[in-house]
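Novice: One file is attached below, input-v6.cif, containing mmCIF, C-alpha atoms.
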```
data_protein
loop_
_atom_site.label_atom_id
_atom_site.label_comp_id
_atom_site.auth_asym_id
_atom_site.auth_seq_id
_atom_site.Cartn_x
_atom_site.Cartn_y
_atom_site.Cartn_z
CA MET A 1 147.66 109.61 5.62
CA VAL A 2 149.91 110.24 8.62
CA ALA A 3 149.99 108.10 11.77
CA HIS A 4 149.91 109.09 15.42
CA CYS A 5 151.60 106.89 18.00
CA LEU A 6 148.73 105.88 20.31
CA SER A 7 148.24 102.13 20.42
CA VAL A 8 145.41 100.86 22.63
CA GLU A 9 143.17 97.79 22.70
CA LEU A 10 140.09 99.46 24.27
CA GLU A 11 139.09 96.17 25.88
CA SER A 12 138.82 97.79 29.31
CA ALA A 13 136.11 100.23 30.35
CA ASP A 14 138.82 102.38 31.97
CA GLY A 15 139.77 103.87 28.62
CA HIS A 16 136.37 104.45 27.08
CA ASP A 17 136.17 108.11 28.15
CA ASP A 18 139.88 108.84 27.71
CA THR A 19 141.85 106.26 25.70
CA MET A 20 145.09 107.27 27.45
CA LEU A 21 143.68 105.73 30.66
CA ASP A 22 143.29 102.28 29.14
CA PRO A 23 145.58 99.81 30.98
CA GLN A 24 146.78 98.47 27.60
CA GLN A 25 147.74 101.92 26.29
CA ARG A 26 151.17 101.90 24.65
CA ILE A 27 153.24 104.32 22.57
CA TRP A 28 153.59 102.77 19.12
CA GLY A 29 157.17 102.61 17.90
CA PHE A 30 158.53 102.86 21.46
CA GLU A 31 156.67 100.65 23.93
CA THR A 32 155.33 98.49 21.14
CA ASN A 33 156.90 98.21 17.71
CA PHE A 34 155.46 96.83 14.51
CA GLY A 35 158.09 98.18 12.15
CA GLY A 36 158.27 101.67 13.59
CA LEU A 37 161.75 102.13 12.13
CA ALA A 38 161.22 100.00 9.01
CA GLU A 39 160.25 100.80 5.44
CA LEU A 40 156.99 98.87 5.94
CA SER A 41 155.05 99.24 9.19
CA LEU A 42 151.87 97.80 10.66
CA VAL A 43 149.50 100.34 12.19
CA LYS A 44 145.88 100.23 13.27
CA ALA A 45 143.32 102.06 11.18
CA ASN A 46 142.47 104.35 14.09
CA GLN A 47 146.09 105.58 14.19
CA LEU A 48 145.71 107.12 10.73
CA MET A 49 144.85 110.77 10.16
CA PRO A 50 144.58 112.84 6.96
CA LYS A 51 147.89 114.30 5.79
CA PRO A 52 147.76 118.12 5.63
CA ARG A 53 147.78 118.63 1.89
CA HIS A 54 149.91 121.77 1.84
CA LEU A 55 152.87 120.06 3.57
CA SER A 56 155.61 117.84 2.24
CA TRP A 57 155.73 114.31 3.67
CA GLU A 58 158.64 115.28 5.93
CA GLU A 59 156.80 118.36 7.22
CA ALA A 60 153.62 116.36 7.75
CA ALA A 61 155.55 113.77 9.79
CA ALA A 62 157.09 116.37 12.11
CA PRO A 63 154.09 117.34 14.31
CA GLY A 64 152.64 113.86 14.97
CA LEU A 65 154.06 113.27 18.44
CA VAL A 66 154.90 116.66 19.90
CA ASN A 67 151.98 118.70 18.59
CA SER A 68 149.51 116.17 20.00
CA THR A 69 151.37 116.07 23.32
CA ALA A 70 151.34 119.87 23.62
CA TYR A 71 147.65 119.98 22.68
CA ARG A 72 146.68 117.63 25.52
CA GLN A 73 148.91 119.49 27.99
CA LEU A 74 147.59 122.96 27.23
CA VAL A 75 144.25 122.89 25.43
CA SER A 76 142.49 119.71 26.49
CA ARG A 77 140.32 119.39 29.60
CA ASN A 78 142.65 116.49 30.45
CA GLY A 79 145.50 119.00 30.77
CA ALA A 80 145.38 122.67 31.73
CA ALA A 81 142.23 123.65 29.75
CA MET A 82 143.95 126.84 28.57
CA LYS A 83 141.70 129.85 27.98
CA GLN A 84 142.01 133.28 26.38
CA GLY A 85 144.15 135.65 28.41
CA ASP A 86 146.16 132.96 30.21
CA ASN A 87 149.90 133.43 30.68
CA VAL A 88 151.71 130.20 29.79
CA LEU A 89 155.33 129.53 30.77
CA ILE A 90 156.93 127.26 28.15
CA TRP A 91 160.32 125.70 28.85
CA GLY A 92 162.38 124.94 25.74
CA ALA A 93 160.02 127.04 23.65
CA SER A 94 161.93 126.65 20.38
CA GLY A 95 162.17 122.85 20.67
CA GLY A 96 159.89 120.13 19.37
CA LEU A 97 157.34 120.29 22.18
CA GLY A 98 157.81 123.97 23.01
CA SER A 99 157.46 125.29 19.47
CA TYR A 100 154.01 123.74 19.12
CA ALA A 101 153.02 124.82 22.63
CA THR A 102 154.01 128.39 21.73
CA GLN A 103 151.84 128.30 18.61
CA LEU A 104 148.90 126.71 20.44
CA ALA A 105 149.06 129.42 23.09
CA LEU A 106 149.12 132.18 20.48
CA ALA A 107 146.32 130.58 18.45
CA GLY A 108 144.21 130.22 21.60
CA GLY A 109 144.49 133.83 22.73
CA ALA A 110 146.99 133.12 25.53
CA THR A 111 150.36 134.79 26.13
CA PRO A 112 153.34 132.42 25.89
CA VAL A 113 156.34 133.23 28.08
CA CYS A 114 159.08 131.44 26.16
CA VAL A 115 162.20 130.16 27.90
CA VAL A 116 165.13 129.35 25.60
CA SER A 117 168.91 128.92 25.83
CA SER A 118 170.39 131.08 23.06
CA PRO A 119 169.76 134.29 21.07
CA GLU A 120 169.07 132.21 17.95
CA LYS A 121 166.34 130.26 19.72
CA ALA A 122 164.91 133.48 21.15
CA GLU A 123 164.71 134.92 17.65
CA LEU A 124 162.83 131.85 16.40
CA CYS A 125 160.22 132.33 19.14
CA ARG A 126 159.80 135.97 18.15
CA ARG A 127 159.34 134.92 14.53
CA MET A 128 156.54 132.65 15.71
CA GLY A 129 154.86 135.71 17.23
CA ALA A 130 155.91 135.49 20.87
CA ALA A 131 156.80 138.78 22.55
CA ALA A 132 157.79 137.54 26.03
CA VAL A 133 161.07 135.62 25.72
CA ILE A 134 163.64 134.74 28.39
CA ASP A 135 167.13 133.56 27.44
CA ARG A 136 167.94 131.56 30.58
CA ASP A 137 171.63 131.24 29.72
CA ALA A 138 172.10 134.96 29.08
CA GLU A 139 170.31 135.81 32.34
CA ASP A 140 172.24 133.04 34.13
CA TYR A 141 169.49 131.40 36.15
CA ARG A 142 170.91 128.78 38.51
CA PHE A 143 168.09 127.13 40.41
CA TRP A 144 170.42 124.69 42.22
CA ARG A 145 173.26 125.82 44.51
CA ASP A 146 174.67 122.30 44.49
CA GLU A 147 173.47 118.78 43.78
CA HIS A 148 171.19 118.73 46.83
CA THR A 149 170.14 122.35 47.46
CA GLN A 150 167.90 124.63 45.44
CA ASP A 151 168.06 128.43 45.57
CA PRO A 152 164.67 130.09 46.31
CA GLY A 153 166.31 133.45 45.58
CA GLU A 154 166.68 132.37 41.95
CA TRP A 155 163.03 131.30 41.91
CA ARG A 156 162.08 134.81 43.04
CA ARG A 157 164.38 136.44 40.49
CA PHE A 158 162.85 134.30 37.75
CA GLY A 159 159.32 135.13 38.91
CA GLY A 160 160.17 138.83 38.91
CA ARG A 161 161.43 138.59 35.34
CA ILE A 162 158.21 136.88 34.27
CA ARG A 163 156.12 139.66 35.83
CA GLU A 164 158.20 142.25 33.96
CA LEU A 165 157.14 140.58 30.71
CA THR A 166 153.47 140.06 31.59
CA GLY A 167 152.60 143.42 33.08
CA GLY A 168 152.89 142.26 36.66
CA GLU A 169 151.06 138.93 36.35
CA ASP A 170 152.19 135.43 37.30
CA VAL A 171 151.74 132.53 34.90
CA ASP A 172 148.49 130.55 34.92
CA ILE A 173 150.04 127.45 33.35
CA VAL A 174 153.53 125.96 33.19
CA LEU A 175 154.35 123.51 30.41
CA GLU A 176 156.90 121.35 32.24
CA HIS A 177 159.22 118.81 30.67
CA PRO A 178 162.82 119.50 31.85
CA GLY A 179 161.98 117.91 35.23
CA ARG A 180 164.43 117.98 38.12
CA GLU A 181 166.36 121.11 37.10
CA THR A 182 163.32 123.37 36.74
CA PHE A 183 160.43 121.81 38.66
CA GLY A 184 160.94 123.72 41.90
CA ALA A 185 161.00 127.01 39.99
CA SER A 186 157.92 125.99 37.98
CA VAL A 187 155.85 125.34 41.10
CA TYR A 188 157.01 128.59 42.69
CA VAL A 189 156.25 130.94 39.77
CA THR A 190 152.79 129.54 39.01
CA ARG A 191 149.96 131.84 40.11
CA ARG A 192 147.63 131.01 42.98
CA GLY A 193 145.25 128.33 41.70
CA GLY A 194 147.40 127.75 38.62
CA THR A 195 148.50 124.51 36.98
CA VAL A 196 151.85 122.84 36.31
CA VAL A 197 151.43 120.24 33.55
CA THR A 198 154.31 117.77 33.26
CA CYS A 199 154.97 115.29 30.46
CA ALA A 200 158.67 114.45 30.86
CA SER A 201 161.82 114.70 32.97
CA THR A 202 164.75 115.19 30.63
CA THR A 203 167.04 116.49 33.40
CA GLY A 204 166.01 113.87 35.97
CA TYR A 205 162.94 112.05 37.25
CA GLU A 206 163.29 112.89 40.95
CA HIS A 207 161.61 116.27 41.27
CA ALA A 208 162.01 118.46 44.34
CA TYR A 209 159.86 121.49 45.18
CA ASP A 210 158.69 123.38 48.26
CA ASN A 211 155.21 122.00 48.92
CA ARG A 212 154.17 125.13 50.83
CA TYR A 213 153.96 126.99 47.54
CA LEU A 214 151.71 124.25 46.16
CA TRP A 215 149.22 123.45 48.91
CA MET A 216 148.88 126.91 50.46
CA SER A 217 148.33 128.52 47.07
CA LEU A 218 145.97 125.77 45.81
CA LYS A 219 148.08 124.99 42.77
CA ARG A 220 147.78 121.75 40.79
CA ILE A 221 150.30 119.37 39.25
CA VAL A 222 148.85 117.41 36.32
CA GLY A 223 150.58 114.46 34.71
CA SER A 224 150.11 114.34 30.93
CA HIS A 225 151.17 111.71 28.41
CA PHE A 226 150.83 111.98 24.61
CA ALA A 227 147.14 112.37 23.60
CA ASN A 228 143.99 110.35 23.19
CA TYR A 229 142.43 109.68 19.77
CA ARG A 230 140.29 112.81 19.77
CA GLU A 231 143.09 115.10 20.93
CA ALA A 232 145.45 113.76 18.26
CA TRP A 233 142.83 114.42 15.58
CA GLU A 234 142.11 117.94 16.84
CA ALA A 235 145.83 118.75 16.93
CA ASN A 236 146.28 117.44 13.37
CA ARG A 237 143.25 119.45 12.23
CA LEU A 238 144.93 122.66 13.38
CA ILE A 239 147.93 121.76 11.23
CA ALA A 240 145.68 121.06 8.23
CA LYS A 241 143.89 124.42 8.70
CA GLY A 242 147.20 126.31 8.79
CA ARG A 243 146.70 127.52 12.38
CA VAL A 244 149.82 125.66 13.58
CA HIS A 245 152.91 125.04 11.45
CA PRO A 246 155.70 122.46 11.58
CA THR A 247 159.05 123.77 12.85
CA LEU A 248 161.15 121.78 10.42
CA SER A 249 164.53 123.04 9.29
CA ARG A 250 166.52 119.99 8.20
CA VAL A 251 165.87 116.43 7.02
CA TYR A 252 168.40 113.65 7.63
CA PRO A 253 168.56 110.39 5.66
CA LEU A 254 168.50 107.16 7.64
CA ALA A 255 172.25 106.72 7.10
CA GLU A 256 172.91 109.88 9.16
CA THR A 257 171.04 108.74 12.28
CA GLY A 258 174.20 109.10 14.36
CA ARG A 259 174.81 112.67 13.23
CA ALA A 260 171.19 113.66 13.99
CA ALA A 261 171.38 112.07 17.45
CA HIS A 262 174.64 113.90 18.21
CA GLU A 263 173.17 117.26 17.22
CA VAL A 264 170.21 116.68 19.54
CA HIS A 265 172.52 115.50 22.35
CA ALA A 266 174.48 118.75 22.03
CA ASN A 267 171.23 120.78 22.09
CA ARG A 268 172.01 122.40 18.76
CA HIS A 269 168.60 121.76 17.31
CA GLN A 270 165.33 123.57 16.87
CA GLY A 271 162.41 121.20 16.97
CA LYS A 272 162.45 117.69 18.36
CA VAL A 273 164.78 115.39 16.42
CA GLY A 274 165.98 115.08 12.85
CA ILE A 275 163.56 113.29 10.57
CA LEU A 276 165.12 110.12 9.22
CA ALA A 277 163.71 110.00 5.71
CA LEU A 278 163.61 106.54 4.18
CA ALA A 279 162.67 107.80 0.72
CA PRO A 280 162.85 111.22 -0.94
CA ALA A 281 159.63 113.17 -1.34
CA GLU A 282 158.20 112.87 -4.82
CA GLY A 283 156.10 115.62 -6.38
CA LEU A 284 152.94 117.08 -5.01
CA GLY A 285 149.64 117.18 -6.87
CA VAL A 286 148.33 120.41 -8.39
CA ARG A 287 145.96 121.02 -5.49
CA ASP A 288 148.80 120.37 -3.03
CA ARG A 289 151.03 122.91 -4.76
CA GLU A 290 148.31 125.56 -4.67
CA LEU A 291 147.77 125.00 -0.95
CA ARG A 292 151.49 125.02 -0.29
CA GLU A 293 152.00 128.34 -2.05
CA ARG A 294 149.18 129.83 0.03
CA HIS A 295 150.72 128.67 3.33
CA LEU A 296 154.43 129.00 2.47
CA PRO A 297 154.98 132.51 3.92
CA ALA A 298 153.66 131.34 7.29
CA ILE A 299 155.62 128.08 7.16
CA ASN A 300 158.86 129.94 6.47
CA ARG A 301 158.43 132.07 9.61
CA PHE A 302 158.86 128.94 11.68
CA ARG A 303 162.09 127.83 10.02
CA ALA A 304 165.36 128.53 11.80
CA PRO A 305 168.70 128.99 9.99
CA VAL A 306 169.66 125.53 8.76
CA ALA A 307 173.27 125.86 9.88
CA ARG A 308 172.14 126.04 13.52
CA THR A 309 169.42 123.40 13.59
CA VAL A 310 168.39 119.81 13.16
CA GLY A 311 164.66 120.18 12.71
CA SER A 312 161.73 118.38 14.26
CA GLY A 313 160.22 115.01 13.62
CA ALA A 314 158.30 112.05 14.87
#
```
Step by step, read the file and then write its structure as structure tokens.
Specialist:
Amino acid sequence: MVAHCLSVELESADGHDDTMLDPQQRIWGFETNFGGLAELSLVKANQLMPKPRHLSWEEAAAPGLVNSTAYRQLVSRNGAAMKQGDNVLIWGASGGLGSYATQLALAGGATPVCVVSSPEKAELCRRMGAAAVIDRDAEDYRFWRDEHTQDPGEWRRFGGRIRELTGGEDVDIVLEHPGRETFGASVYVTRRGGTVVTCASTTGYEHAYDNRYLWMSLKRIVGSHFANYREAWEANRLIAKGRVHPTLSRVYPLAETGRAAHEVHANRHQGKVGILALAPAEGLGVRDRELRERHLPAINRFRAPVARTVGSGA
């Protein structure tokens, strides 16, 4: 079994339709902790999901948080309700959240427009199957003139680049998580009637955007946080069916927590964070090995060069 991180009491009627709306909803291992970083942990039975049999334990641990989060943001009716033919702008598309969002878009018949920060990360997105990739560092997008002033000219330049990659179309959905640095641009480039779905603010919580481009074009901003029970199960099912693959490139032992954190701080990683393995993986059963051999070519497409990456984990 693998565990997802939704902890909820379900004592309130508020959460009966969507468990994320329960007033007692917490993220296990972060907001509540029953051994989340220990060798032995206490979890509720409804946190447990079947381990995809073709994956190692480290690979199976990697998608638990970010794959579920991306699923709710993009696929679920509680997020953007992505459909075939949609153009989806994905910030940090080679990272933990973005790499799963890219795969979910491709698997769902949408076109991901992947924004990354290096040629190596751009290549990883192409290996996942994405054709529309923007290296924001190489193209030198600067959405802020100074600490207090954004540059609408850069928004327009960015929007023009997106249309070059989509055949003249704007994006239907923006998967937002950088926050302050990119939010104004995200609202601007979204198509009329489109949706910006936000789940984080890694560059700052105080977002600034020009509201004229929101209200006059009937766009929506949707707040999204992890996933409810059903969404977590559906996201894990896609992993088990081999439709979505973990983007794992390196495993760190618990003793190297500091090194893993430094690599992430320096943005040298692909995927979310290094997995801190408490025990080495011990052999797979015969059926597991057969499944693994069947899926291995696809899994390897999502691996980046180890020298450049940390890997992803939960």
Novice: Restrict the calculation to all atoms listed in the file, then for each residue of segment 178-252 of chain A with any atom at most 12 Å from an atom of segment 94-114 of chain A give the closest atom pair and their distance in Å to one decimal, rows by chain and rising residue number, as CSV.
Specialist:
```
residue,atom,partner,partner_atom,distance
A:Pro178,CA,A:Gly98,CA,11.1
A:Val189,CA,A:Val113,CA,11.9
A:Val197,CA,A:Ala101,CA,11.9
A:Thr198,CA,A:Leu97,CA,11.8
A:Cys199,CA,A:Leu97,CA,10.0
A:Ala200,CA,A:Leu97,CA,10.5
A:Phe226,CA,A:Leu97,CA,10.8
A:Glu234,CA,A:Leu104,CA,11.7
A:Ala235,CA,A:Leu104,CA,9.2
A:Asn236,CA,A:Tyr100,CA,11.5
A:Leu238,CA,A:Leu104,CA,9.1
A:Ile239,CA,A:Tyr100,CA,10.2
A:Lys241,CA,A:Ala107,CA,11.8
A:Gly242,CA,A:Ala107,CA,10.6
A:Arg243,CA,A:Ala107,CA,6.8
A:Val244,CA,A:Gln103,CA,6.0
A:His245,CA,A:Tyr100,CA,7.9
A:Pro246,CA,A:Tyr100,CA,7.8
A:Thr247,CA,A:Ser99,CA,7.0
A:Leu248,CA,A:Gly96,CA,9.2
A:Ser249,CA,A:Gly96,CA,11.5
```
Novice: Let me make sure I understand: among A:Gly194, A:Gly15, A:Gly64, A:Pro50, which one has the smallest atom-to-atom distance to Trp28 of chain A if we use only C-alpha atoms?
Specialist: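 Closest residue, counting only C-alpha atoms: A:Gly64.
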Novice: Please list as a ChimeraX atom specification every residue within 12 Å of segment 133-142 of chain A, counting all atoms listed in the file and excluding residues in the same chain fewer than 3 positions away.
Specialist: /A:88-94,102,111-130,145-147,149-166,181-182,184-185
Novice: Just give me the gap between atom CA of Pro63 of chain A and atom CA of Arg294 of chain A in Å, one decimal is fine.
Specialist: 19.6 Å
Novice: I'd like the interatomic distance between atom CA of Leu6 of chain A and atom CA of Thr257 of chain A, to a tenth of an Å.
Specialist: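 Here the two named atoms are 23.9 Å from each other.
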Novice: Taking the file above as input, evaluate the PyMOL selection byres ((chain A and resi 227-229) around 8) and report the hits as a list in words.
Specialist: Leu6, Asp18, Thr19, Met20, Asn46, Gln47, Ser68, Thr69, Tyr71, Arg72, His225, Phe226, Arg230, Glu231, Ala232 and Trp233 of chain A
Novice: Just C-alpha atoms for this one: save the residues we selected as a PDB file, keeping the file's coordinate frame.
Specialist:
```
ATOM      1  CA  LEU A   6     148.730 105.880  20.310  1.00  0.00           C
ATOM      2  CA  ASP A  18     139.880 108.840  27.710  1.00  0.00           C
ATOM      3  CA  THR A  19     141.850 106.260  25.700  1.00  0.00           C
ATOM      4  CA  MET A  20     145.090 107.270  27.450  1.00  0.00           C
ATOM      5  CA  ASN A  46     142.470 104.350  14.090  1.00  0.00           C
ATOM      6  CA  GLN A  47     146.090 105.580  14.190  1.00  0.00           C
ATOM      7  CA  SER A  68     149.510 116.170  20.000  1.00  0.00           C
ATOM      8  CA  THR A  69     151.370 116.070  23.320  1.00  0.00           C
ATOM      9  CA  TYR A  71     147.650 119.980  22.680  1.00  0.00           C
ATOM     10  CA  ARG A  72     146.680 117.630  25.520  1.00  0.00           C
ATOM     11  CA  HIS A 225     151.170 111.710  28.410  1.00  0.00           C
ATOM     12  CA  PHE A 226     150.830 111.980  24.610  1.00  0.00           C
ATOM     13  CA  ARG A 230     140.290 112.810  19.770  1.00  0.00           C
ATOM     14  CA  GLU A 231     143.090 115.100  20.930  1.00  0.00           C
ATOM     15  CA  ALA A 232     145.450 113.760  18.260  1.00  0.00           C
ATOM     16  CA  TRP A 233     142.830 114.420  15.580  1.00  0.00           C
TER      17      TRP A 233
END
```
Novice: Could you work out how far atom CA of Ala45 of chain A lies from atom CA of Ser7 of chain A, giving the answer in Å with one decimal?
Specialist: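 Spanning atom CA of Ser7 of chain A to atom CA of Ala45 of chain A is a straight-line distance of 10.5 Å.
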Novice: Find, counting all atoms listed in the file, the residue in A:Leu40, A:Val251, A:Leu10, A:Ile221 that gets nearest to Trp57 of chain A.
Specialist: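 Selected residue with least distance to Trp57 of chain A: A:Val251.
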Novice: Would you mind telling me which residue in A:Arg220, A:Arg250, A:Arg180, A:His4 lies nearest to Lys51 of chain A when using all atoms listed in the file?
Specialist: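 Answer, going by the shortest atom-to-atom distance: A:His4.
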Novice: My list of candidates is A:Ala260, A:Val174, A:Val2, A:Met216. Which is closest to Ala70 of chain A when distances are computed with only C-alpha atoms?
Specialist: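 Of A:Ala260, A:Val174, A:Val2, A:Met216, the one nearest Ala70 of chain A is A:Val174, counting only C-alpha atoms.
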